[in-house]
Structures are given as C-alpha cells and as structure tokens.
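So the structure is just underneath, and the comments pick up after that.
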Amino acid sequence: MKNKLLILGAVLAFSFGGCTSNFDDVNSNDTALSDKDLEQDFNNVKAPLRAMQRAMYILVEDDWRGQIQFNLNADIFSGYMATPTAFEGNNNNSTYVLLDGWNSAEWENAYRREMVNALKVERLVKEKGPKYYAWALILKVYAMHKVTDYHGPIVYSAFGSEAATVPYDSQKAVYDQFFTELKTAVDILTPFATADVKSTFFVDAKDGTDGTTAKGVVVNWIKFANSLRLRLAMRISNIDPAKAKAEAEGAVKGFGTINSNAENVFYLADHPVKTYSDEWKDIKAGAALTSMMNGYDDPRRGRYFTKTATGTYQGIRMGSLVNDDYKTAKEKQFSRIGDIVLSSGQIPWFTAAEASFLKAEGAIKGWDMGGGTAQSFYEDGISLSFAQNGAGIATSYINNDVLLPENFVDPLNAANNIVAQNLVTVKWSDAASNEVKLQKIITQKWIAGFPDGQEGWAETRRTGYPKLFLPTNNFSSGKIPDGTFVRRLNFPVQEKNSNPAGYAQGVQELGGADNGGTRLWWDTGVNKF
C-alpha cells in the first residue's frame, strides 16, 4: 500500500464511460494471452478461464490494490478484521469516511478482468463449446455478485455495448440474470456429468486451467454453481420470498450443492491477507470476532489468529483512533491473522459448512432442503467447519448452552471498550423463536465463514446478525447515521465523470443517496420466515 493507496495507479485500459466500449482494445488484457499465443480448437478458452479464476482477488504479486478491493472495506465492515494503521489520519473506511480512492477496486477489477474474459469466452465458444461457456457463466456470476453486493445497481446486461452511455441494471434485474445464468450453466453441464461423473472440461484435467480444488471436474462445478444459487436465493429471501424459495429448492435438486469438505472450493494461492497482516502489518483481528470466539471458547481461534504476547486472542474495534502503539510499539498486544491464511495456500470460495447453514435457514423458512432439519443442518455446519479447520470434534461446543460472547476490552484505550452484543448461546433449541434460531444460525455461519469478509458483511446486512460492535468513531458527517452500520460502498467516482447518464440512472435505481447509508434492494431490515 504505502503512499500509493489513494493513487489507483494504472487504471483501466478503457473508459468506464462505456464500461465496455473499446472492447477490442482491452480484449488482450493483462491477465490473458492473445489468441495468437494459444492452441487451436477449444484450447483458446483456457487463458480467459484461468484469468477469471485468478482475478477473483487481486493477488499481491499482481497488484497492491487488493487491499482496497476487499480488505480495508468488507473485511473490516464484517467485524472479522480491523486496521492498526491510521490511514489518512484515521479518516478512512474504519471510521466511515468512505474514500473515493478506496471504493472502486472491486468494480474496476471485475469489469477489467472478469467481465471482459467472460465475454471473450462467450464470443469464442457459446455455440461450438457450450460447456466452456457454462464454466465462464459460473465464474462471472461468482465475481459479479460481489460487485452488486458492494454497490447495488451495476452495468450487467448491457456489458459489451459500444454506446457512449451504458445503462445500469437494477439489483433485482441483476439477480434475476444471475439465477438464469446459473441454471443455464447447470443445464448445459448436467448431461456431461450424468454420462460420466468423472467428466472433465479438458481431456487433460491436470493442465492447470482450473486453479481451484474443483480440479476441472464438471460435477464439482455443477455443485459450486448450485451452492452459489442457494447463497443468492437466501440473499433475496427478505425482499422476494417466493422467488428465493423456488431458486433455493431448485439448487438442492439434481447433483445438489457442496456437501462435504472434500468438495469445498478453494483457489490455490497464498491469500492476500497473509501479506496485509504478516508483512505490512496493516490488518489485525477484529474485536467482534475475538469477542465471540473467546466467549464461546472456540478452538478454531488458533487457526484464525495468532496469540498476543500475553497468550490471548485480542482484536481491535472498528473505528478506533489508532496510533503507532497499535502497529509498532505495542503491536504484539493484538492478534494477527493466523494459519488460515499464513500457511494454507488457499483462498476460500465456497464450503460445505456454508451450504449446510444456508439449508438450516431454509428449513426454518419451511423450504424443502432435500431432507434434514434446521437443527441437523445447523449442527452439521458447525461440525464441518471444525473438521475443515482441524479443530477436533465439535460435540461439546454444539451442546454448550452457557457460554456467551465476552465483553470487549482494548488494552490501550478504554474509550473503545464495549459490552458484548450478540447474546445467544451455541446450543440449538426447538422451543426458541425463529428469530433466535436465525441469530444462532447466522452467528455460527459468520464464524465459520472467516476470512471471507465480503460474504460476512453481506449476511450481517441482510439479517442483522450477528450483532456487531458499532464503530467507536463515525466520521461520515451523518451520511451513515449514528447507531447504524455501513450498508454499501459509493459508486466509483470515475462513473460520475465518464458515464454521467449511466451513473444518474444507477442512483435512481438505487433509490437513495449515493453514500454508505443507503440500503441495497435486498437489505430490507426485516427478516421473513
């Protein structure tokens, strides 16, 4: 990061005035080879497919902007992490000053590297090689659901247009297209997997095209697509319950979702947070997560965080006015991010634990999740997470009806202290209200989801759970009212300047001011059962 944080450096090779105008110029982008360099037949789709996977996160060796793509926004807003660095004199995302220079990295990366390559694959092989087109659709939806869940309305259906102004889609329209594309992909791929469950996208499944643990096996990508469909169905469950139910029930049919840790989808690379926490020392454990894991005596802590000099797990509260003591002089009083990113060599995309928690929530809504009860799915989710993290058997944790999250105490500044907020135990109770059941499900899902702050932030916005700590300081000048949480990121400032008509339409579709206090379409503030 250093002094480059507010200078986005070499931005896109194309103007977002058209978002995708000048497609031919960016078709030979910096993450894929030109067609001349590629083999014949369908091998020419390998590079864009590989590029789409690699670019889900801006990896450190590629670009420093990954830190503002997700780490200094979603990872902090989710309660997972916090920064000990006083960026801009403590006037930054942590204190709800949403800096324009920090808002656009996810947007830019997704259009430059994901949408361009998805369109390239579509134009190359949609008719002649539909299974590669299906693969690109799954990757595109996975990348772009993060963008819309950051900002709201986005350019999607009109991507590739040469018009001077490219229109935005409402978030509802974007989600509708997501569901259509995921179903299309699964429908295309299912006959291949039905004919041979070991079917792969290329004859040589070890050619490196698939950089994930799915290993180029068609059925693994079907399960990933269905799992993503289930995630997105749950996301809209408070605003469009009927659509959500239909999509969720469809997702668990056929080959179904990811159900075991052997099927978890990880991208095989060092997690960028390894550098942000261990080398740059710009990120530490978040107070909300350490409060809960300490209170529950959660054995996964040793994987998630390092111990402090005093042998404890200590976080930093969002919005704290940090100084050099937090980063240098007394930095060992706070936990860095642990082996889950330091030594795993994996970036999580989707796990069986998440799928199980989603089914638990579906069950309390009365949806057909393919067998099982809310309790069984809930407890399976915890057990799967424990096994995934090498934390042993989860039985005693699951049956604990006494322990609660602990109060947060900042060893350097008592002004940051706060009492525990999320006062539910772990043990399931059929006698509890659906709201309490949901709180338990989302709390355990949120803990299991670390370090994926993008998903953690989305789910806390959707459900209100777990109950996190508000920032100690809110410097948003009322844009994010005191007593509330940040709901979204502003649209990138270059959209205002180079695509003004499209931007204006996007704000209209948003239905509120272009700031961090405006709720997204699916963020209703009321949970429906």
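If you're wondering about the labels, chains in the structure tokens are A, B, ... by order shown, residues count from 1 in each chain, ligands from 1 in order shown.
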
Just want the 10 Å neighbourhood of Thr213 of chain A, counted on only C-alpha atoms, with same-chain residues fewer than 5 positions away dropped. Output as a PDB file with C-alpha atoms, in the first residue's frame.
```pdb
ATOM      1  CA  ASN A 220     -17.678 -30.203  -8.967  1.00  0.00           C
ATOM      2  CA  ALA A 262     -13.783 -32.883   0.164  1.00  0.00           C
ATOM      3  CA  GLU A 263     -15.941 -30.827  -2.219  1.00  0.00           C
ATOM      4  CA  ASN A 264     -15.005 -27.404  -0.811  1.00  0.00           C
ATOM      5  CA  VAL A 265     -13.908 -24.955  -3.500  1.00  0.00           C
ATOM      6  CA  PHE A 266     -10.712 -23.064  -2.769  1.00  0.00           C
ATOM      7  CA  TYR A 267      -8.485 -21.141  -5.141  1.00  0.00           C
ATOM      8  CA  LEU A 268      -4.953 -22.442  -4.759  1.00  0.00           C
ATOM      9  CA  GLN A 346      -5.891 -21.490  -0.233  1.00  0.00           C
ATOM     10  CA  PRO A 348     -11.970 -19.964   0.136  1.00  0.00           C
ATOM     11  CA  TRP A 349     -14.721 -19.630  -2.446  1.00  0.00           C
TER      12      TRP A 349
END
```

Shell around Asp297 of chain A at 12 Å using only C-alpha atoms, local window under 5 positions removed, as an MDAnalysis selection string:
chainID A and resid 289:292 302 312:313 391 394 396:398 400 402:406 425:426

For the residues selected in the previous step, produce a file with all heavy atoms as a short mmCIF file (atom, residue, chain, number, x, y, z; two decimals), in the first residue's frame.
```
data_model
loop_
_atom_site.label_atom_id
_atom_site.label_comp_id
_atom_site.auth_asym_id
_atom_site.auth_seq_id
_atom_site.Cartn_x
_atom_site.Cartn_y
_atom_site.Cartn_z
N LEU A 289 -15.14 -10.49 16.27
CA LEU A 289 -14.89 -11.92 16.14
C LEU A 289 -14.15 -12.48 17.35
O LEU A 289 -14.49 -13.56 17.85
CB LEU A 289 -14.12 -12.21 14.86
CG LEU A 289 -13.91 -13.68 14.50
CD1 LEU A 289 -15.22 -14.46 14.54
CD2 LEU A 289 -13.26 -13.82 13.13
N THR A 290 -13.16 -11.76 17.87
CA THR A 290 -12.47 -12.27 19.05
C THR A 290 -13.40 -12.28 20.26
O THR A 290 -13.32 -13.18 21.11
CB THR A 290 -11.21 -11.46 19.37
OG1 THR A 290 -11.55 -10.07 19.52
CG2 THR A 290 -10.16 -11.62 18.28
N SER A 291 -14.30 -11.31 20.36
CA SER A 291 -15.28 -11.29 21.46
C SER A 291 -16.11 -12.56 21.44
O SER A 291 -16.33 -13.19 22.49
CB SER A 291 -16.19 -10.07 21.34
OG SER A 291 -17.35 -10.21 22.14
N MET A 292 -16.58 -12.94 20.28
CA MET A 292 -17.43 -14.13 20.19
C MET A 292 -16.64 -15.42 20.37
O MET A 292 -17.05 -16.31 21.12
CB MET A 292 -18.21 -14.12 18.88
CG MET A 292 -19.44 -13.21 18.97
SD MET A 292 -20.45 -13.18 17.48
CE MET A 292 -20.26 -11.46 17.02
N GLY A 302 -7.13 -20.72 17.26
CA GLY A 302 -5.71 -20.94 16.97
C GLY A 302 -5.39 -21.02 15.50
O GLY A 302 -4.23 -20.84 15.10
N THR A 312 -3.13 -14.40 24.71
CA THR A 312 -4.57 -14.25 24.49
C THR A 312 -4.85 -13.99 23.03
O THR A 312 -3.95 -13.82 22.21
CB THR A 312 -5.13 -13.09 25.34
OG1 THR A 312 -4.49 -11.87 24.93
CG2 THR A 312 -4.88 -13.33 26.83
N TYR A 313 -6.14 -13.94 22.70
CA TYR A 313 -6.57 -13.55 21.36
C TYR A 313 -7.25 -12.19 21.50
O TYR A 313 -8.29 -12.07 22.13
CB TYR A 313 -7.53 -14.59 20.77
CG TYR A 313 -6.87 -15.94 20.59
CD1 TYR A 313 -7.03 -16.95 21.54
CD2 TYR A 313 -6.08 -16.20 19.47
CE1 TYR A 313 -6.43 -18.19 21.38
CE2 TYR A 313 -5.47 -17.44 19.30
CZ TYR A 313 -5.65 -18.43 20.26
OH TYR A 313 -5.05 -19.64 20.10
N ALA A 391 -10.07 -28.57 14.07
CA ALA A 391 -10.37 -28.15 15.44
C ALA A 391 -10.95 -29.28 16.28
O ALA A 391 -11.46 -29.04 17.39
CB ALA A 391 -11.34 -26.96 15.43
N ALA A 394 -16.76 -31.42 17.42
CA ALA A 394 -17.50 -30.23 17.82
C ALA A 394 -18.59 -30.50 18.85
O ALA A 394 -19.32 -29.57 19.23
CB ALA A 394 -18.12 -29.58 16.58
N SER A 396 -18.99 -30.97 22.17
CA SER A 396 -19.14 -30.17 23.38
C SER A 396 -19.47 -28.72 23.05
O SER A 396 -20.24 -28.06 23.76
CB SER A 396 -17.87 -30.24 24.23
OG SER A 396 -16.75 -29.75 23.52
N TYR A 397 -18.90 -28.20 21.97
CA TYR A 397 -19.19 -26.84 21.52
C TYR A 397 -20.66 -26.72 21.14
O TYR A 397 -21.36 -25.79 21.55
CB TYR A 397 -18.28 -26.49 20.35
CG TYR A 397 -18.44 -25.10 19.78
CD1 TYR A 397 -17.68 -24.04 20.25
CD2 TYR A 397 -19.33 -24.85 18.73
CE1 TYR A 397 -17.79 -22.76 19.71
CE2 TYR A 397 -19.46 -23.59 18.18
CZ TYR A 397 -18.69 -22.55 18.67
OH TYR A 397 -18.82 -21.28 18.14
N ILE A 398 -21.14 -27.67 20.37
CA ILE A 398 -22.53 -27.66 19.89
C ILE A 398 -23.51 -27.71 21.05
O ILE A 398 -24.58 -27.08 21.00
CB ILE A 398 -22.77 -28.83 18.92
CG1 ILE A 398 -22.06 -28.57 17.58
CG2 ILE A 398 -24.25 -29.09 18.70
CD1 ILE A 398 -22.06 -29.77 16.65
N ASN A 400 -23.14 -26.59 24.14
CA ASN A 400 -22.92 -25.62 25.21
C ASN A 400 -24.06 -24.60 25.23
O ASN A 400 -24.27 -23.87 24.26
CB ASN A 400 -21.58 -24.91 25.03
CG ASN A 400 -21.14 -24.22 26.32
OD1 ASN A 400 -21.86 -23.39 26.86
ND2 ASN A 400 -19.97 -24.60 26.79
N VAL A 402 -24.34 -22.39 27.88
CA VAL A 402 -23.96 -21.48 28.96
C VAL A 402 -23.10 -20.32 28.46
O VAL A 402 -23.37 -19.15 28.78
CB VAL A 402 -23.20 -22.25 30.06
CG1 VAL A 402 -22.71 -21.29 31.15
CG2 VAL A 402 -24.07 -23.34 30.66
N LEU A 403 -22.07 -20.63 27.69
CA LEU A 403 -21.11 -19.61 27.29
C LEU A 403 -21.72 -18.59 26.34
O LEU A 403 -22.51 -18.93 25.45
CB LEU A 403 -19.89 -20.26 26.64
CG LEU A 403 -19.04 -21.16 27.53
CD1 LEU A 403 -17.88 -21.75 26.74
CD2 LEU A 403 -18.53 -20.40 28.75
N LEU A 404 -21.32 -17.33 26.52
CA LEU A 404 -21.77 -16.22 25.69
C LEU A 404 -20.56 -15.41 25.24
O LEU A 404 -19.49 -15.49 25.86
CB LEU A 404 -22.72 -15.31 26.48
CG LEU A 404 -24.08 -15.88 26.85
CD1 LEU A 404 -24.76 -14.98 27.89
CD2 LEU A 404 -24.96 -16.02 25.61
N PRO A 405 -20.69 -14.61 24.20
CA PRO A 405 -19.59 -13.73 23.81
C PRO A 405 -19.15 -12.86 24.98
O PRO A 405 -19.95 -12.48 25.84
CB PRO A 405 -20.20 -12.90 22.68
CG PRO A 405 -21.23 -13.80 22.08
CD PRO A 405 -21.81 -14.55 23.24
N GLU A 406 -17.85 -12.53 24.99
CA GLU A 406 -17.32 -11.75 26.10
C GLU A 406 -17.32 -10.27 25.76
O GLU A 406 -17.35 -9.86 24.59
CB GLU A 406 -15.90 -12.19 26.45
CG GLU A 406 -14.86 -11.89 25.39
CD GLU A 406 -13.45 -12.29 25.81
OE1 GLU A 406 -13.31 -13.03 26.80
OE2 GLU A 406 -12.49 -11.84 25.14
N THR A 425 -26.41 -18.32 23.00
CA THR A 425 -25.52 -19.45 23.18
C THR A 425 -25.47 -20.26 21.90
O THR A 425 -26.19 -19.98 20.93
CB THR A 425 -26.00 -20.34 24.34
OG1 THR A 425 -27.31 -20.83 24.03
CG2 THR A 425 -26.02 -19.56 25.65
N VAL A 426 -24.65 -21.30 21.90
CA VAL A 426 -24.50 -22.12 20.70
C VAL A 426 -25.60 -23.17 20.59
O VAL A 426 -26.13 -23.41 19.50
CB VAL A 426 -23.12 -22.82 20.70
CG1 VAL A 426 -22.99 -23.75 19.50
CG2 VAL A 426 -21.99 -21.79 20.70
#
```

List the neighbours of segment 131-138 of chain A out to 7 Å using only C-alpha atoms; skip same-chain residues closer than 6 positions along the sequence, and give me the result as a list of chain:residue names.
A:Leu49, A:Ala118, A:Val121, A:Glu122, A:Val125, A:Glu181, A:Leu182, A:Ala185, A:Ile188, A:Leu189, A:Ala225

Shell of 12 Å around Gly319 of chain A, only C-alpha atoms, local chain residues under 5 positions omitted, as a PyMOL selection string:
chain A and resi 76-77+79+81-87+89-97+286-287+415-417+469-476+485-486

Take the residues from that selection and write them out as a short mmCIF file (atom, residue, chain, number, x, y, z; two decimals), in the first residue's frame, keeping C-alpha atoms.
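Resulting contents of out33.cif:
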```cif
data_model
loop_
_atom_site.label_atom_id
_atom_site.label_comp_id
_atom_site.auth_asym_id
_atom_site.auth_seq_id
_atom_site.Cartn_x
_atom_site.Cartn_y
_atom_site.Cartn_z
CA ILE A 76 -13.48 -4.58 8.42
CA PHE A 77 -17.23 -3.97 7.98
CA GLY A 79 -16.28 -7.47 12.05
CA MET A 81 -10.65 -7.73 10.96
CA ALA A 82 -9.53 -4.22 11.86
CA THR A 83 -6.65 -1.97 10.93
CA PRO A 84 -3.97 -0.75 13.34
CA THR A 85 -2.82 1.79 10.74
CA ALA A 86 -4.07 5.38 10.91
CA PHE A 87 -4.69 5.78 7.18
CA GLY A 89 -5.18 10.38 9.99
CA ASN A 90 -7.91 7.90 11.00
CA ASN A 91 -10.29 9.33 8.40
CA ASN A 92 -10.92 6.17 6.40
CA ASN A 93 -13.38 3.32 5.94
CA SER A 94 -12.91 2.17 9.52
CA THR A 95 -14.37 5.46 10.78
CA TYR A 96 -16.96 5.56 7.99
CA VAL A 97 -15.18 8.11 5.82
CA GLY A 286 -11.45 -7.71 14.63
CA ALA A 287 -12.94 -7.10 18.06
CA ALA A 415 -12.72 4.52 25.20
CA ASN A 416 -13.02 1.58 22.81
CA ASN A 417 -14.39 -0.84 25.40
CA PHE A 469 -19.92 -3.56 17.59
CA LEU A 470 -20.69 -0.19 16.09
CA PRO A 471 -17.56 1.82 15.28
CA THR A 472 -16.11 3.78 18.17
CA ASN A 473 -15.98 6.83 15.90
CA ASN A 474 -18.27 7.68 12.99
CA PHE A 475 -16.84 10.50 10.87
CA SER A 476 -19.34 10.19 7.99
CA PHE A 485 -23.84 0.25 10.10
CA VAL A 486 -22.42 0.95 6.65
#
```

Could you pull the residues within 8 Å of Ile447 of chain A, counting only C-alpha atoms, minus those fewer than 3 positions along the same chain, as JSON, numbers by chain?
{"A": [289, 293, 443, 444, 450]}

Could you write out that same residue set with all heavy atoms as an mmCIF file, in the first residue's frame?
```cif
data_model
loop_
_atom_site.group_PDB
_atom_site.id
_atom_site.type_symbol
_atom_site.label_atom_id
_atom_site.label_comp_id
_atom_site.auth_asym_id
_atom_site.auth_seq_id
_atom_site.Cartn_x
_atom_site.Cartn_y
_atom_site.Cartn_z
ATOM 1 N N LEU A 289 -15.142 -10.492 16.273
ATOM 2 C CA LEU A 289 -14.890 -11.920 16.141
ATOM 3 C C LEU A 289 -14.151 -12.475 17.353
ATOM 4 O O LEU A 289 -14.485 -13.561 17.845
ATOM 5 C CB LEU A 289 -14.115 -12.209 14.858
ATOM 6 C CG LEU A 289 -13.912 -13.684 14.499
ATOM 7 C CD1 LEU A 289 -15.224 -14.462 14.536
ATOM 8 C CD2 LEU A 289 -13.256 -13.825 13.131
ATOM 9 N N MET A 293 -15.509 -15.525 19.715
ATOM 10 C CA MET A 293 -14.756 -16.771 19.795
ATOM 11 C C MET A 293 -14.148 -16.968 21.186
ATOM 12 O O MET A 293 -14.099 -18.093 21.692
ATOM 13 C CB MET A 293 -13.675 -16.808 18.710
ATOM 14 C CG MET A 293 -14.243 -16.789 17.294
ATOM 15 S SD MET A 293 -13.006 -17.078 16.009
ATOM 16 C CE MET A 293 -12.925 -18.872 15.995
ATOM 17 N N THR A 443 -24.891 -16.492 13.331
ATOM 18 C CA THR A 443 -23.700 -16.327 14.166
ATOM 19 C C THR A 443 -22.672 -17.408 13.864
ATOM 20 O O THR A 443 -21.484 -17.129 13.649
ATOM 21 C CB THR A 443 -24.071 -16.354 15.659
ATOM 22 O OG1 THR A 443 -24.917 -15.236 15.956
ATOM 23 C CG2 THR A 443 -22.833 -16.293 16.539
ATOM 24 N N GLN A 444 -23.113 -18.658 13.842
ATOM 25 C CA GLN A 444 -22.184 -19.759 13.585
ATOM 26 C C GLN A 444 -21.734 -19.787 12.121
ATOM 27 O O GLN A 444 -20.578 -20.127 11.827
ATOM 28 C CB GLN A 444 -22.819 -21.083 14.001
ATOM 29 C CG GLN A 444 -23.071 -21.200 15.485
ATOM 30 C CD GLN A 444 -21.812 -20.976 16.312
ATOM 31 O OE1 GLN A 444 -20.732 -21.461 15.970
ATOM 32 N NE2 GLN A 444 -21.934 -20.230 17.408
ATOM 33 N N PHE A 450 -15.100 -17.075 8.172
ATOM 34 C CA PHE A 450 -13.828 -16.360 8.193
ATOM 35 C C PHE A 450 -12.805 -17.087 7.319
ATOM 36 O O PHE A 450 -12.750 -18.318 7.346
ATOM 37 C CB PHE A 450 -13.314 -16.296 9.639
ATOM 38 C CG PHE A 450 -12.035 -15.533 9.818
ATOM 39 C CD1 PHE A 450 -12.050 -14.162 9.941
ATOM 40 C CD2 PHE A 450 -10.811 -16.197 9.849
ATOM 41 C CE1 PHE A 450 -10.861 -13.457 10.105
ATOM 42 C CE2 PHE A 450 -9.627 -15.499 10.007
ATOM 43 C CZ PHE A 450 -9.662 -14.127 10.134
#
```

Within 10 Å of Lys274 of chain A, counting only C-alpha atoms, which residues qualify if same-chain residues fewer than 4 places away don't, as a PyMOL selection string?
chain A and resi 60+270+278-281+283+336-345

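Comparing the minimum interatomic distances between Tyr156 of chain A and each of A:Val186, A:Tyr57, A:Gly506, A:Asn73, counting only C-alpha atoms, we find that A:Gly506 sits nearest.
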
Residues within 9 Å of Ala246 of chain A, only C-alpha atoms, excluding chain neighbours under 5 positions, as a PyMOL selection string:
chain A and resi 233+241+251+367

Restricting the output to all heavy atoms, write the selected residues as a CSV table (one decimal), in the first residue's frame.
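selection24.csv, freshly written:
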```
chain,number,residue,atom,x,y,z
A,233,ALA,N,-30.1,-17.1,-3.5
A,233,ALA,CA,-31.5,-17.2,-3.2
A,233,ALA,C,-31.8,-16.7,-1.8
A,233,ALA,O,-32.7,-16.0,-1.5
A,233,ALA,CB,-32.0,-18.7,-3.3
A,241,PRO,N,-39.6,-13.5,-1.2
A,241,PRO,CA,-39.6,-14.8,-0.6
A,241,PRO,C,-40.0,-15.9,-1.6
A,241,PRO,O,-39.4,-17.0,-1.5
A,241,PRO,CB,-40.6,-14.7,0.5
A,241,PRO,CG,-40.7,-13.2,0.8
A,241,PRO,CD,-40.4,-12.5,-0.5
A,251,ALA,N,-31.9,-25.4,-6.3
A,251,ALA,CA,-30.4,-25.6,-6.1
A,251,ALA,C,-30.0,-26.9,-5.5
A,251,ALA,O,-29.0,-27.4,-5.7
A,251,ALA,CB,-29.9,-24.4,-5.3
A,367,TRP,N,-38.8,-24.3,3.7
A,367,TRP,CA,-38.4,-24.7,2.3
A,367,TRP,C,-37.9,-26.2,2.3
A,367,TRP,O,-37.5,-26.7,3.3
A,367,TRP,CB,-37.2,-23.9,1.8
A,367,TRP,CG,-37.5,-22.4,1.7
A,367,TRP,CD1,-38.7,-21.7,1.9
A,367,TRP,CD2,-36.5,-21.4,1.4
A,367,TRP,NE1,-38.5,-20.4,1.7
A,367,TRP,CE2,-37.2,-20.1,1.4
A,367,TRP,CE3,-35.1,-21.4,1.2
A,367,TRP,CZ2,-36.5,-18.9,1.2
A,367,TRP,CZ3,-34.5,-20.2,0.9
A,367,TRP,CH2,-35.2,-19.0,0.9
```

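Between atom CA of Gly366 of chain A and atom CA of Asn259 of chain A lies a distance of 20.2 Å.
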
From the options A:His151, A:Arg231, A:Lys479, A:Lys307, which residue's atoms come nearest to Ser356 of chain A, counting only C-alpha atoms?
A:Arg231

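As for atom CA of Leu98 of chain A and atom CA of Trp64 of chain A, they are spaced 18.8 Å apart.
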
Length of the atom CA of Asp482 of chain A to atom CA of Val273 of chain A vector [Å]
29.6 Å
